[in-house]
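J.: I'd like to ask you about the structure that follows.
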Amino acid sequence: MDRPPNERLLLKGKRRIIETLLETAVRSSAFVVIGALVLIFVFVAKEALPLFTSADVHKEVTLWTMVRPQENGEFVWQPVSEKPKYSILPLAVGTLKVTLVALLIAIPLAILAAIFTSEFAPQLLRELIKPVVELLAGIPSVVIGFFALMVVATWLQDAFGFVFRLNAITAGIGLSLAVIPIVYTVAEDALSAVPQAFRDASTALGANQWQTAWRVVLPAAMPGVFAACVLGFGRAFGETMIVLLASGNAAMMSFDPRESFRSFSATIAAELGEVVYGSPHYHVLFFIGAFLFVITFFLNLAGHWYVDRLRARLEGKLKA
Amino acid sequence: MRRWIKFVGLAFTTLTGLACLVIVAMLAIILGNIAINGWSILSWEFISGKPRAGMTEGGIFPAIFGTVVLVLLMTLAVIPLGVAAAIYLHEYARQGSKLVHVVRLALANLAGVPAIVFGLFGLGFFIKFVGAGMDHAFFGGALAFGQPGILWAALTLAVLTLPTVVVATEEALRAVPLSYREVAYAAGATRWQVVRHVVLPQSVAGILTGTILAVSRGAGEVAPIMFTGAAYYLPYLPKKLNDQFMELGYHIYVMTTQSPDVEATKPILYATVFVLLVLTFALNFLAVLIRSRIRRRLRTA
Amino acid sequence: MSTSADALDSQKTAAEVKIRVRNLDAYYGSFHALKNINLDIPSRAITSIVGPSGCGKSTLLRCFNRMSDGIRGFRVKGEIRLDGGDILGRGVELTQLRKRVGMVFQRPNPFPLSVFENVVYGPRVHGEENSRLADLVEKSLRATDLWDDLKDRLGQNALSLSAEQQQRLCISRLLAVEPEVLLMDEPCSALDPFATSRIEVLMQELKQDYTIIIVTHNMQQASRASDYCGFMWLGELVEFADTPTIFTKPRNPRTEGYVTGRFG
Amino acid sequence: MSTILEVRNFSAWYGHYSALSDITLEVLDHEILGIIGPAGCGKTTFLRSLNRLNDLVPDFRVEGSIGFWGVDIYRQDVDLAALRRKLGMVFAVPVPLPGTILENLRLGSRLNNRKADAGALVEKTLRAAYLWDEVKDRLHQSAFALSGGQQQRLCLARTLMLEPDVLLLDEPCSGLDPISTAKIEEALVELKRELTIILVTNNVMQASRVADRTAFFLQGRVVEFGLTQQIFVNPKEKETYEYVSGRFG
C-alpha cells in the first residue's frame, strides 16, 4: 500500500517544446511594446540630431536662433523664403492658446459628466452615456476638424463677428471634442474605483447623494481626476488634424484667441510633405516632433504617477 | 439649513446632468449635420467612381479601396502582436514584476504619443531605415521599399493602435474570473493549457469586440499616413505592398485645404466625410454583432 | 413556525419596544429574501441576529435604515415602525432616518481622510456649526476609548490606523451624529480575538444609551454579547427570544441544529 | 501508517505581511487532517502552499520545506503541473467551469492526455462524490444548472478525476445546507480509504466529526496539533480550549 517516492513523476523532465516556444513568443511580444516606444524616440531624435551637430544646418538655424528675437526684433516662422526664419515662439504661443481654450471647455464638461455617470445616473442612463462618449472618441479627428472648419467657424463668426474666421476659439471647440472622451474616461474610472464602502458609510450617516459625491468620492478620487486633466492636456497638445484644419495656419505671435494661429503639430503636418530631405528645415521639423514626443511623454508619466497615487490612497498606503 | 442643503444638492446634480446633455448634444449635432448634408449626395456612382475635374466631381472609390486595404493590413499586423502582449501581461508575467511595470508604462506612453509623431517615426524608421535597408539588400539599391507605400502606412498605424488593442484584450482577459484559472491550475494545468482551455474560450468575444473597436480608431487617423504612403490623387489602385494609395481621411484633408473651389467641392466633401463615418461606425457595429453572436452561442452551449 | 403578528401584538413585552416589524417581506427581483418577518426590537438592549450566510440577516438589518433602497429590483412589503413612526413610507426623509439609525459595517470603512475629518463628516453633512465640532470629536472619540490614543494625531489619515482602531473610529463617526439605534453588520469579522472582545465590552457600555442590533455569524459572540437573539433561516425568522433561551432551550429543532454547530 | 507530507519550519509571507510562521507538522497516508482556526489565521494559506497555488500570488514568499513522498516541493525543478495533479484541491466556493457536467469532469483527464478509461472514471468519481444518481441522466447539461451543493460535489468529482494522492479541501461546506454538508462529509470518510485528505474548515464541529487528527492555527502558527479527540476533549493550550468552546472566532 505504500507508494514509493516518485521523484521522476514530480520533477521536470524535458519541457514540452511547444510550451516553451509559446512562452517565448508571448514574452517577446511584450518587448516589442517597449521596443516600439524606444524606436519612436530614437528615430525621431536621430533626424533631429543634425540641428545640434551639423555645421551645414547651423549656417541656417541653431537652437538659439529659434528662440531669440530676429534682427527686426520680431519672432517669425518663415522657413520657406529667401532667408528662412525659424522662430518657434509663435508656434508655442499658438499651441498653448488652443490647448487652453480646449481644456477650459473639455475639463469641466467631462468631469461633471463623469460625476453624473458614476454617482447620480440610474443604471439605464449610465449604459447610454458610455457608448455616446465611446462614439465621440471614435469620430476621426479629421472629421472633427472638418466640422469645426465648415460649421463651427461659420456659426461663431455669425454670432460674434470674428475678423478671422479660423481662430483659437474655433479650433479649441473642435479640439475639446477630442479631449472630452479621454478626460471623461480617466475621471470616470477614478470615481468608479472609489470603493462602495465609502459611499455606504456616507449614506448610512445620513448624507445625501451630492454630499457623498462632493465630500467623499471626489476627494478620494482626486489624484485620478488630476491625472485625467494631465492626460487631456497631453492629448490637446499633440493633436494634429483638428488644429491643422481649423486654425487658419498663420504663425502669428499673438495671444488673442480670436486671431489665427499655428501649432507645433500642424506645422509638421503642413510642411513635411514639401520639405527637401536632409535640409535644415527637415531637421527642424523632426526636432519639433521630438519635442512633442518628450513633452507628451512626461505628461503621460505624470498622469500615470497620479493614477498610481490614487491606487495607493484608496488602499490606505498614503499618509494624509 | 436643511432646505439649503437640499437646494445646493439639486443644483449640483442638475449641473452634472447638464454637462452630460451638452456632450450628447455635441455628438448629435456633428453626426446630424454630416448625415443630413452627406446623405443627399450619396449615390452608387459616387461610391464606385473615380474623382474627376480636380476632385470637384466624380467619386471616391480609390479612397474607399485604399482605406479598406490599409485597415486590413494594419489589423493583420496589430492583432496577433497586441493579443500576445496582453496574454503575456495578464497570464504569464509575474504581477508586480519590474518588466510588467515597464511594459505597462510603455503602453500608457505609447497611447499618448501624438499621431503626427507616429508619422515622423514611420518616415524615419520604416521608410528611411527598414525600407531603404531592404532596397540596398534585395533590390541592388533600386527604389522599391525605401519610399512611402501602403505597407509602411499600415505598419505605422499598427504601432499606433497597439496600446488600444492590448488594453482591450487585457480587459477581456480580466473578465474571466480568477477562480476559473485557479481551478485549472489546481487541476495541474500548465500556463498554456490554462490560457488555451479556460481563458481564451471565455474571453474570445471580448477580445474580438475590443480589438475591432481599437482598429476602428486607427482607421480614421490621418496624421500618421500623410508621409508614409497616402497620396493626393492616383489614377490606379494599389496592387503591391509598396504602392501608394488614396485614403478617405487624407482625401478629406486634401479636398478641404487644397481644393481650387471650396464651394464646388463642399457637397462631395460632406459625402466623403459621411462615408468615412459610416465605415468607422460599421466596424463598431460589426464588433457589437460579433459580441452578441458569440454570447448567444455560449448561452445555448 | 415564525411568530405571527397578532401573537406579538397581544404579547406583553417587559422591555420598551424601539423598532416594531410587522409582516415584512423583501425581494431582490424575483428572489424572496425576507419572508413575513415579525419582530419587536427592545430599546437600550443588544439584539443579535444569527443564521447561516445568505439567510437574509443582513438584508433585514439594512431595512432598518433603508440602505438597500438604491439596489435595483429591491422591494419591501410590510411595516417597520421606529418609536411608532412608519419608516418604509414614501414621505420618509432618508437622510433623517439614517441620522437616527446609524450603521457599522463588516469591514471598517473610514474615509481616506484624517481622523478629525472622519468624525466631523456626519455633523457637517447635517449642517452642524463649526464651533461645536471640536467638542463633538472629543466626545465621540472618548466614547469609543480612542481619544487618548489619537488626540495628538487627529490629522493622521484614518486608513493608516489598525483595523480595530478603524472600526472604533467608524463607531465614533457614527456617534457624532447622535443616533438612537446602532446597526452592526458583523462588526468584528475582520478583527482578531482580543480586539473582538474589546469591541464587545464597548458594546456593553454603549447599550446604556443606544439600541443596538448586531448581525453575526458567530454564535458564541451572540450568546456572549447580546440580550435578545433571533435565528434566521432561508429568509424566515425561525425563532426570537432572549439569548439564554435560544442557546439553552430553543423551541425549534432547526435553531438547535444551528446553534450546536450541526451545519452553517 | 507512513508519512505522506512532511512540513518543516515552514513560513510564508505576502509582501511584508507574515501569514505563516514556523509550521512543523506531518500528514499521514490515508488520514483526514482537520485544520481549524479563526478567519485570517493562515489555514487557507497553508493549504494553498501544499500545492503551490500561492505561487500565483505576487509577492508571496516562503521559507522552510514541505516534503511530498520525500521530495521537497519547493525545489526549483519541481513540475508544478505534475505536483498539482497529485494534490487535488476543492475551493470554498463551488467553481464549475462554463460547459456541461461532462466537460467539467473531463478537464482533468484532458490535462492528463488520457481518454481511454474516461467513461468508467466519470462514473466512479461521480459515485464517490455521491452525485451519480442525481446527474447520471443529464451529463450533457450545463454545470451551472446544478444547485450549490451539487456544484460543490461536482467540483469534488472533477478533482477526483485527476486521481490525486492528496485531497486539499478549503472550507468545502461553507455555503451549503445541512443535507449537502452531510453528503460531502460522508463522501470524505469513504474516500479516506483511497487517499489522504486535508480539510480546512471554519466549522469546528465539522472537524470534530470527520477528522482523525486536527491542527489548530492562530495568527499564522500551529497552536496545537494532535488527535481530534484530544484537541476537543482535552486540549493542552488555553487558546485551543477557548476556540473550540467558541469563545472567539
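In the C-alpha cells, each chain is lettered A, B, ... as it comes, each chain's residues begin at 1, and ligands are numbered from 1 in order of appearance.
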For chain D, which residues have at least one atom within 12 Å of chain C, if we go by only C-alpha atoms? Write them as a compact mmCIF listing (two decimals) with all heavy atoms, in the first residue's frame, please.
T.:
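Result file follows (out_7.txt):
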# COMPACT_ATOMS: atom_id res chain seq x y z
N GLY D 37 -9.35 27.15 12.89
CA GLY D 37 -8.79 28.41 13.34
C GLY D 37 -9.67 29.55 12.87
O GLY D 37 -10.43 29.38 11.91
N PRO D 38 -9.58 30.72 13.53
CA PRO D 38 -10.44 31.83 13.13
C PRO D 38 -10.02 32.40 11.77
O PRO D 38 -8.94 32.07 11.28
CB PRO D 38 -10.20 32.87 14.25
CG PRO D 38 -8.87 32.52 14.82
CD PRO D 38 -8.71 31.04 14.66
N ALA D 39 -10.89 33.25 11.21
CA ALA D 39 -10.58 33.85 9.91
C ALA D 39 -9.25 34.57 9.98
O ALA D 39 -8.94 35.22 10.98
CB ALA D 39 -11.70 34.81 9.52
N GLY D 40 -8.44 34.43 8.94
CA GLY D 40 -7.18 35.15 8.89
C GLY D 40 -6.06 34.49 9.67
O GLY D 40 -5.00 35.07 9.88
N CYS D 41 -6.25 33.23 10.11
CA CYS D 41 -5.22 32.60 10.92
C CYS D 41 -4.17 31.91 10.05
O CYS D 41 -3.18 31.41 10.55
CB CYS D 41 -5.84 31.57 11.86
SG CYS D 41 -6.49 30.14 10.97
N GLU D 171 -12.55 24.80 3.18
CA GLU D 171 -13.90 25.09 3.66
C GLU D 171 -14.95 24.64 2.64
O GLU D 171 -15.75 25.45 2.18
CB GLU D 171 -14.07 26.58 3.93
CG GLU D 171 -12.94 27.13 4.78
CD GLU D 171 -13.27 28.50 5.37
OE1 GLU D 171 -14.35 29.03 5.08
OE2 GLU D 171 -12.44 29.01 6.13
N PRO D 172 -14.98 23.38 2.30
CA PRO D 172 -15.82 22.95 1.18
C PRO D 172 -17.31 23.05 1.46
O PRO D 172 -18.10 22.98 0.54
CB PRO D 172 -15.40 21.49 0.97
CG PRO D 172 -14.92 21.06 2.31
CD PRO D 172 -14.30 22.26 2.95
N CYS D 173 -17.70 23.24 2.69
CA CYS D 173 -19.13 23.24 3.00
C CYS D 173 -19.62 24.59 3.49
O CYS D 173 -20.73 24.70 4.01
CB CYS D 173 -19.44 22.19 4.07
SG CYS D 173 -18.90 20.55 3.60
N SER D 174 -18.80 25.65 3.31
CA SER D 174 -19.13 26.89 3.99
C SER D 174 -20.44 27.50 3.51
O SER D 174 -21.13 28.14 4.28
CB SER D 174 -18.00 27.90 3.87
OG SER D 174 -17.74 28.16 2.52
N GLY D 175 -20.80 27.29 2.24
CA GLY D 175 -22.04 27.92 1.79
C GLY D 175 -23.20 26.94 1.66
O GLY D 175 -24.21 27.27 1.06
N LEU D 176 -23.05 25.75 2.21
CA LEU D 176 -24.02 24.70 1.88
C LEU D 176 -25.02 24.43 3.00
O LEU D 176 -24.77 24.72 4.17
CB LEU D 176 -23.27 23.40 1.56
CG LEU D 176 -22.23 23.51 0.44
CD1 LEU D 176 -21.68 22.15 0.12
CD2 LEU D 176 -22.81 24.16 -0.80
N ASP D 177 -26.13 23.83 2.62
CA ASP D 177 -27.17 23.47 3.57
C ASP D 177 -26.75 22.19 4.30
O ASP D 177 -25.83 21.49 3.89
CB ASP D 177 -28.48 23.26 2.83
CG ASP D 177 -28.34 22.19 1.78
OD1 ASP D 177 -27.73 22.47 0.72
OD2 ASP D 177 -28.79 21.07 2.01
N PRO D 178 -27.45 21.85 5.39
CA PRO D 178 -27.06 20.69 6.20
C PRO D 178 -27.04 19.38 5.42
O PRO D 178 -26.15 18.54 5.64
CB PRO D 178 -28.15 20.63 7.27
CG PRO D 178 -28.85 21.92 7.24
CD PRO D 178 -28.58 22.59 5.95
N ILE D 179 -27.96 19.21 4.48
CA ILE D 179 -28.02 17.93 3.77
C ILE D 179 -26.80 17.76 2.87
O ILE D 179 -26.14 16.72 2.88
CB ILE D 179 -29.33 17.83 2.97
CG1 ILE D 179 -30.50 17.86 3.96
CG2 ILE D 179 -29.37 16.58 2.12
CD1 ILE D 179 -31.82 18.20 3.33
N SER D 180 -26.47 18.82 2.10
CA SER D 180 -25.30 18.73 1.24
C SER D 180 -24.05 18.53 2.08
O SER D 180 -23.15 17.76 1.72
CB SER D 180 -25.14 20.00 0.41
OG SER D 180 -26.23 20.16 -0.43
N THR D 181 -23.99 19.26 3.21
CA THR D 181 -22.85 19.12 4.10
C THR D 181 -22.69 17.67 4.54
O THR D 181 -21.60 17.09 4.46
CB THR D 181 -23.03 20.02 5.33
OG1 THR D 181 -23.21 21.35 4.89
CG2 THR D 181 -21.82 19.95 6.24
N ALA D 182 -23.78 17.07 4.94
CA ALA D 182 -23.73 15.68 5.40
C ALA D 182 -23.25 14.76 4.29
O ALA D 182 -22.42 13.87 4.50
CB ALA D 182 -25.10 15.25 5.89
N LYS D 183 -23.73 14.99 3.06
CA LYS D 183 -23.32 14.14 1.94
C LYS D 183 -21.83 14.25 1.69
O LYS D 183 -21.15 13.25 1.43
CB LYS D 183 -24.09 14.53 0.67
CG LYS D 183 -25.47 13.94 0.64
CD LYS D 183 -26.11 14.07 -0.72
CE LYS D 183 -27.47 13.40 -0.71
NZ LYS D 183 -28.27 13.73 -1.87
N GLU D 185 -19.53 15.17 3.79
CA GLU D 185 -18.78 14.56 4.90
C GLU D 185 -18.75 13.03 4.76
O GLU D 185 -17.72 12.40 4.97
CB GLU D 185 -19.40 14.97 6.24
CG GLU D 185 -19.10 16.43 6.59
CD GLU D 185 -19.74 16.86 7.90
OE1 GLU D 185 -20.32 16.00 8.59
OE2 GLU D 185 -19.66 18.06 8.22
N THR D 201 -11.48 23.99 7.69
CA THR D 201 -12.89 24.29 7.93
C THR D 201 -13.04 25.40 8.95
O THR D 201 -12.21 25.58 9.84
CB THR D 201 -13.66 23.04 8.40
OG1 THR D 201 -14.99 23.41 8.71
CG2 THR D 201 -13.01 22.41 9.62
N ASN D 202 -14.11 26.19 8.76
CA ASN D 202 -14.41 27.23 9.74
C ASN D 202 -15.45 26.72 10.74
O ASN D 202 -15.85 27.40 11.65
CB ASN D 202 -14.92 28.50 9.05
CG ASN D 202 -16.12 28.21 8.17
OD1 ASN D 202 -16.59 27.09 8.09
ND2 ASN D 202 -16.62 29.24 7.52
N ASN D 203 -15.91 25.50 10.50
CA ASN D 203 -16.91 24.91 11.36
C ASN D 203 -16.22 23.88 12.26
O ASN D 203 -15.88 22.78 11.84
CB ASN D 203 -18.00 24.26 10.49
CG ASN D 203 -19.11 23.67 11.32
OD1 ASN D 203 -18.94 23.37 12.50
ND2 ASN D 203 -20.26 23.51 10.70
N VAL D 204 -16.03 24.28 13.50
CA VAL D 204 -15.25 23.45 14.43
C VAL D 204 -15.88 22.06 14.56
O VAL D 204 -15.19 21.05 14.61
CB VAL D 204 -15.20 24.16 15.80
CG1 VAL D 204 -14.43 23.31 16.79
CG2 VAL D 204 -14.57 25.51 15.66
N MET D 205 -17.21 22.03 14.57
CA MET D 205 -17.91 20.77 14.75
C MET D 205 -17.61 19.81 13.59
O MET D 205 -17.52 18.60 13.78
CB MET D 205 -19.42 21.00 14.84
CG MET D 205 -19.82 21.76 16.08
SD MET D 205 -19.23 20.91 17.54
CE MET D 205 -18.72 22.26 18.55
N GLN D 206 -17.48 20.39 12.40
CA GLN D 206 -17.18 19.53 11.25
C GLN D 206 -15.86 18.80 11.46
O GLN D 206 -15.77 17.60 11.21
CB GLN D 206 -17.12 20.38 9.98
CG GLN D 206 -16.92 19.54 8.74
CD GLN D 206 -17.09 20.35 7.48
OE1 GLN D 206 -16.47 21.39 7.31
NE2 GLN D 206 -17.96 19.89 6.60
N ALA D 207 -14.87 19.52 11.94
CA ALA D 207 -13.58 18.88 12.20
C ALA D 207 -13.74 17.76 13.22
O ALA D 207 -13.21 16.66 13.06
CB ALA D 207 -12.57 19.92 12.69
N SER D 208 -14.50 18.04 14.27
CA SER D 208 -14.65 17.02 15.30
C SER D 208 -15.38 15.79 14.77
O SER D 208 -15.18 14.69 15.24
CB SER D 208 -15.38 17.60 16.51
OG SER D 208 -16.76 17.66 16.25
N ARG D 209 -16.24 15.99 13.75
CA ARG D 209 -16.99 14.86 13.21
C ARG D 209 -16.14 13.98 12.29
O ARG D 209 -16.23 12.77 12.34
CB ARG D 209 -18.22 15.36 12.43
CG ARG D 209 -19.38 15.77 13.30
CD ARG D 209 -20.63 15.93 12.46
NE ARG D 209 -20.47 16.98 11.45
CZ ARG D 209 -20.86 18.26 11.65
NH1 ARG D 209 -21.41 18.63 12.78
NH2 ARG D 209 -20.70 19.13 10.70
N LEU D 218 -3.51 29.67 14.80
CA LEU D 218 -3.88 31.00 15.28
C LEU D 218 -2.77 31.97 14.88
O LEU D 218 -1.60 31.73 15.19
CB LEU D 218 -4.06 30.98 16.79
CG LEU D 218 -4.59 32.28 17.42
CD1 LEU D 218 -5.96 32.61 16.88
CD2 LEU D 218 -4.64 32.14 18.94
N GLN D 219 -3.14 33.02 14.20
CA GLN D 219 -2.20 34.05 13.77
C GLN D 219 -0.94 33.46 13.14
O GLN D 219 0.18 33.83 13.49
CB GLN D 219 -1.86 34.96 14.95
CG GLN D 219 -3.09 35.77 15.35
CD GLN D 219 -2.84 36.69 16.50
OE1 GLN D 219 -2.09 36.35 17.41
NE2 GLN D 219 -3.49 37.83 16.49
N GLU D 239 -5.68 28.73 24.46
CA GLU D 239 -6.33 29.28 23.27
C GLU D 239 -7.16 28.22 22.55
O GLU D 239 -8.23 28.50 22.05
CB GLU D 239 -5.29 29.84 22.29
CG GLU D 239 -4.68 31.16 22.70
CD GLU D 239 -3.21 31.00 23.00
OE1 GLU D 239 -2.84 29.96 23.58
OE2 GLU D 239 -2.44 31.91 22.67
N GLU D 242 -10.33 27.82 24.33
CA GLU D 242 -11.23 28.95 24.11
C GLU D 242 -11.83 28.91 22.71
O GLU D 242 -12.99 29.25 22.51
CB GLU D 242 -10.48 30.27 24.32
CG GLU D 242 -10.18 30.50 25.78
CD GLU D 242 -9.61 31.87 26.04
OE1 GLU D 242 -9.14 32.50 25.07
OE2 GLU D 242 -9.64 32.31 27.21
N TYR D 243 -11.01 28.48 21.74
CA TYR D 243 -11.54 28.47 20.37
C TYR D 243 -12.55 27.35 20.17
O TYR D 243 -13.64 27.57 19.66
CB TYR D 243 -10.41 28.35 19.35
CG TYR D 243 -10.94 28.41 17.94
CD1 TYR D 243 -11.40 29.61 17.41
CD2 TYR D 243 -11.02 27.27 17.14
CE1 TYR D 243 -11.92 29.68 16.15
CE2 TYR D 243 -11.55 27.33 15.87
CZ TYR D 243 -11.99 28.54 15.37
OH TYR D 243 -12.52 28.60 14.12
N VAL D 244 -12.19 26.13 20.57
CA VAL D 244 -13.11 25.03 20.28
C VAL D 244 -14.39 25.15 21.12
O VAL D 244 -15.43 24.64 20.75
CB VAL D 244 -12.48 23.64 20.49
CG1 VAL D 244 -11.32 23.43 19.53
CG2 VAL D 244 -12.04 23.43 21.92
N SER D 245 -14.30 25.87 22.25
CA SER D 245 -15.53 26.07 23.01
C SER D 245 -16.22 27.34 22.56
O SER D 245 -17.24 27.72 23.12
CB SER D 245 -15.20 26.13 24.50
OG SER D 245 -14.37 27.24 24.75
N GLY D 246 -15.68 28.00 21.53
CA GLY D 246 -16.41 29.10 20.90
C GLY D 246 -16.28 30.44 21.58
O GLY D 246 -17.16 31.28 21.47
N ARG D 247 -15.15 30.67 22.28
CA ARG D 247 -15.03 31.97 22.93
C ARG D 247 -14.70 33.07 21.93
O ARG D 247 -14.93 34.24 22.19
CB ARG D 247 -13.96 31.90 24.03
CG ARG D 247 -14.37 31.12 25.24
CD ARG D 247 -15.41 31.87 26.04
NE ARG D 247 -14.85 33.11 26.62
CZ ARG D 247 -14.08 33.14 27.69
NH1 ARG D 247 -13.77 32.02 28.32
NH2 ARG D 247 -13.62 34.27 28.15
N PHE D 248 -14.09 32.74 20.83
CA PHE D 248 -13.86 33.78 19.80
C PHE D 248 -13.85 33.11 18.44
O PHE D 248 -13.97 31.89 18.33
CB PHE D 248 -12.55 34.53 20.06
CG PHE D 248 -11.32 33.68 19.96
CD1 PHE D 248 -10.67 33.53 18.75
CD2 PHE D 248 -10.82 33.03 21.07
CE1 PHE D 248 -9.54 32.76 18.66
CE2 PHE D 248 -9.68 32.27 20.99
CZ PHE D 248 -9.04 32.12 19.78
N GLY D 249 -13.66 33.89 17.41
CA GLY D 249 -13.57 33.32 16.06
C GLY D 249 -14.68 33.84 15.18
O GLY D 249 -15.46 34.67 15.56
J.: Considering only C-alpha atoms, return as a PyMOL selection string whatever protein or nucleic-acid residues lie within 9 Å of Asn118 of chain C, sequence-local ones (same chain, fewer than 3 positions apart) excluded.
T.: chain C and resi 110-115+121-122+158+169-170+172-173
J.: Taking only C-alpha atoms into account, find every residue of chain C that has an atom no more than 7 Å from chain A, and write it out as a list of chain:residue names.
T.: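 Within 7 Å of chain A on chain C, we get C:Met67, C:Thr95, C:Gln96, C:Arg98, C:Lys99, C:Gly102, C:Met103, C:Asn109, C:Phe111, C:Pro112, C:Leu113, C:Ser114, C:Gly122, C:Val125, C:Gln156, C:Asn157, C:Leu159, C:Ser160, C:Leu174.
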J.: Could you save the residues just selected, with all heavy atoms, as a compact mmCIF listing (two decimals), in the first residue's frame?
T.:
# COMPACT_ATOMS: atom_id res chain seq x y z
N MET C 67 -30.94 51.06 3.73
CA MET C 67 -29.71 51.14 2.94
C MET C 67 -29.85 50.44 1.60
O MET C 67 -29.09 50.67 0.68
CB MET C 67 -28.56 50.47 3.72
CG MET C 67 -27.78 51.39 4.62
SD MET C 67 -27.04 52.79 3.77
CE MET C 67 -25.52 52.06 3.18
N THR C 95 -32.37 60.85 4.80
CA THR C 95 -31.19 61.37 5.50
C THR C 95 -31.48 61.48 6.99
O THR C 95 -30.62 61.20 7.82
CB THR C 95 -30.79 62.74 4.94
OG1 THR C 95 -31.90 63.62 5.02
CG2 THR C 95 -30.34 62.63 3.50
N GLN C 96 -32.72 61.87 7.34
CA GLN C 96 -33.08 62.00 8.76
C GLN C 96 -33.20 60.63 9.42
O GLN C 96 -32.80 60.44 10.56
CB GLN C 96 -34.38 62.81 8.90
CG GLN C 96 -34.23 64.25 8.46
CD GLN C 96 -33.02 64.93 9.07
OE1 GLN C 96 -32.87 64.96 10.29
NE2 GLN C 96 -32.11 65.45 8.23
N ARG C 98 -31.59 57.96 8.60
CA ARG C 98 -30.25 57.39 8.79
C ARG C 98 -29.46 58.13 9.86
O ARG C 98 -28.50 57.59 10.41
CB ARG C 98 -29.50 57.39 7.46
CG ARG C 98 -30.08 56.38 6.49
CD ARG C 98 -29.55 56.52 5.10
NE ARG C 98 -30.25 55.60 4.20
CZ ARG C 98 -30.38 55.79 2.91
NH1 ARG C 98 -29.86 56.85 2.33
NH2 ARG C 98 -31.02 54.90 2.17
N LYS C 99 -29.84 59.36 10.11
CA LYS C 99 -29.22 60.09 11.22
C LYS C 99 -29.65 59.43 12.54
O LYS C 99 -28.86 59.30 13.47
CB LYS C 99 -29.69 61.54 11.18
CG LYS C 99 -29.00 62.45 12.19
CD LYS C 99 -29.44 63.89 11.92
CE LYS C 99 -28.77 64.90 12.84
NZ LYS C 99 -29.00 64.66 14.26
N GLY C 102 -28.05 54.60 12.83
CA GLY C 102 -26.72 54.56 12.23
C GLY C 102 -26.26 53.14 11.98
O GLY C 102 -26.84 52.18 12.51
N MET C 103 -25.19 52.99 11.18
CA MET C 103 -24.77 51.64 10.80
C MET C 103 -23.25 51.48 10.85
O MET C 103 -22.52 52.36 10.43
CB MET C 103 -25.27 51.34 9.40
CG MET C 103 -25.00 49.92 8.94
SD MET C 103 -25.94 49.57 7.46
CE MET C 103 -26.28 47.86 7.68
N ASN C 109 -14.74 50.97 7.43
CA ASN C 109 -14.66 51.77 6.21
C ASN C 109 -14.52 53.26 6.49
O ASN C 109 -15.36 54.04 6.10
CB ASN C 109 -15.88 51.50 5.32
CG ASN C 109 -17.18 51.75 6.05
OD1 ASN C 109 -17.18 52.06 7.24
ND2 ASN C 109 -18.29 51.65 5.35
N PHE C 111 -13.29 56.99 5.86
CA PHE C 111 -12.97 57.69 4.61
C PHE C 111 -11.47 57.89 4.53
O PHE C 111 -10.79 57.96 5.56
CB PHE C 111 -13.65 59.06 4.60
CG PHE C 111 -15.14 58.98 4.74
CD1 PHE C 111 -15.80 59.70 5.72
CD2 PHE C 111 -15.90 58.19 3.89
CE1 PHE C 111 -17.18 59.63 5.86
CE2 PHE C 111 -17.27 58.12 4.02
CZ PHE C 111 -17.92 58.83 5.00
N PRO C 112 -10.94 58.01 3.31
CA PRO C 112 -9.48 58.23 3.18
C PRO C 112 -9.13 59.68 3.55
O PRO C 112 -8.48 60.37 2.80
CB PRO C 112 -9.22 57.92 1.71
CG PRO C 112 -10.51 58.15 1.02
CD PRO C 112 -11.59 57.89 2.02
N LEU C 113 -9.61 60.13 4.68
CA LEU C 113 -9.37 61.49 5.14
C LEU C 113 -8.73 61.39 6.53
O LEU C 113 -8.51 60.30 7.04
CB LEU C 113 -10.69 62.25 5.25
CG LEU C 113 -11.58 62.28 4.00
CD1 LEU C 113 -12.94 62.84 4.35
CD2 LEU C 113 -10.94 63.11 2.91
N SER C 114 -8.49 62.52 7.17
CA SER C 114 -7.89 62.49 8.50
C SER C 114 -8.91 61.98 9.53
O SER C 114 -10.11 61.93 9.26
CB SER C 114 -7.42 63.88 8.90
OG SER C 114 -8.54 64.71 9.11
N GLY C 122 -20.17 63.47 9.53
CA GLY C 122 -21.61 63.38 9.74
C GLY C 122 -22.23 64.69 10.20
O GLY C 122 -23.16 65.20 9.58
N VAL C 125 -22.37 67.18 7.45
CA VAL C 125 -23.38 66.85 6.46
C VAL C 125 -24.76 67.29 6.94
O VAL C 125 -25.61 67.71 6.16
CB VAL C 125 -23.33 65.33 6.21
CG1 VAL C 125 -24.66 64.81 5.73
CG2 VAL C 125 -22.25 65.00 5.20
N GLN C 156 -3.93 62.57 11.20
CA GLN C 156 -3.41 61.40 10.50
C GLN C 156 -4.48 60.76 9.62
O GLN C 156 -5.67 60.78 9.95
CB GLN C 156 -2.95 60.39 11.56
CG GLN C 156 -2.21 59.22 11.02
CD GLN C 156 -1.79 58.27 12.14
OE1 GLN C 156 -1.76 58.66 13.31
NE2 GLN C 156 -1.48 57.06 11.77
N ASN C 157 -4.05 60.18 8.49
CA ASN C 157 -5.00 59.51 7.60
C ASN C 157 -5.60 58.30 8.32
O ASN C 157 -4.89 57.47 8.86
CB ASN C 157 -4.30 59.05 6.33
CG ASN C 157 -5.28 58.56 5.29
OD1 ASN C 157 -6.29 57.91 5.60
ND2 ASN C 157 -5.02 58.90 4.04
N LEU C 159 -6.88 55.71 7.27
CA LEU C 159 -6.60 54.39 6.72
C LEU C 159 -5.28 53.82 7.24
O LEU C 159 -4.98 52.66 7.03
CB LEU C 159 -6.57 54.45 5.20
CG LEU C 159 -7.93 54.70 4.55
CD1 LEU C 159 -7.78 54.77 3.04
CD2 LEU C 159 -8.91 53.61 4.92
N SER C 160 -4.49 54.66 7.91
CA SER C 160 -3.22 54.13 8.43
C SER C 160 -3.38 53.58 9.85
O SER C 160 -2.42 53.10 10.43
CB SER C 160 -2.15 55.22 8.40
OG SER C 160 -2.54 56.28 9.25
N LEU C 174 -20.06 57.50 13.84
CA LEU C 174 -21.50 57.31 13.91
C LEU C 174 -22.07 58.05 15.11
O LEU C 174 -23.10 58.73 15.02
CB LEU C 174 -21.73 55.81 14.06
CG LEU C 174 -23.11 55.27 13.85
CD1 LEU C 174 -23.59 55.70 12.49
CD2 LEU C 174 -23.02 53.75 13.91
J.: Among segment 2-244 of chain B, which ones does DSSP assign to helix (DSSP H, G or I) (computed from the backbone)? Answer as a ChimeraX atom specification.
T.: /B:2-39,44-48,61-92,98-112,115-138,150-174,178-186,191-219,223-225
J.: Distance cut-off 6 Å, counting only C-alpha atoms - which residues of chain B neighbour chain A? Return them as a list of chain:residue names.
T.: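 Per the criterion, chain B yields B:Gly9, B:Thr16, B:Gly17, B:Ala19, B:Cys20, B:Leu81, B:Ala84, B:Ala85, B:Tyr88, B:Val103, B:Ala106, B:Asn109, B:Pro114, B:Val117, B:Phe121, B:Gly124, B:Phe125, B:Arg217, B:Gly220.
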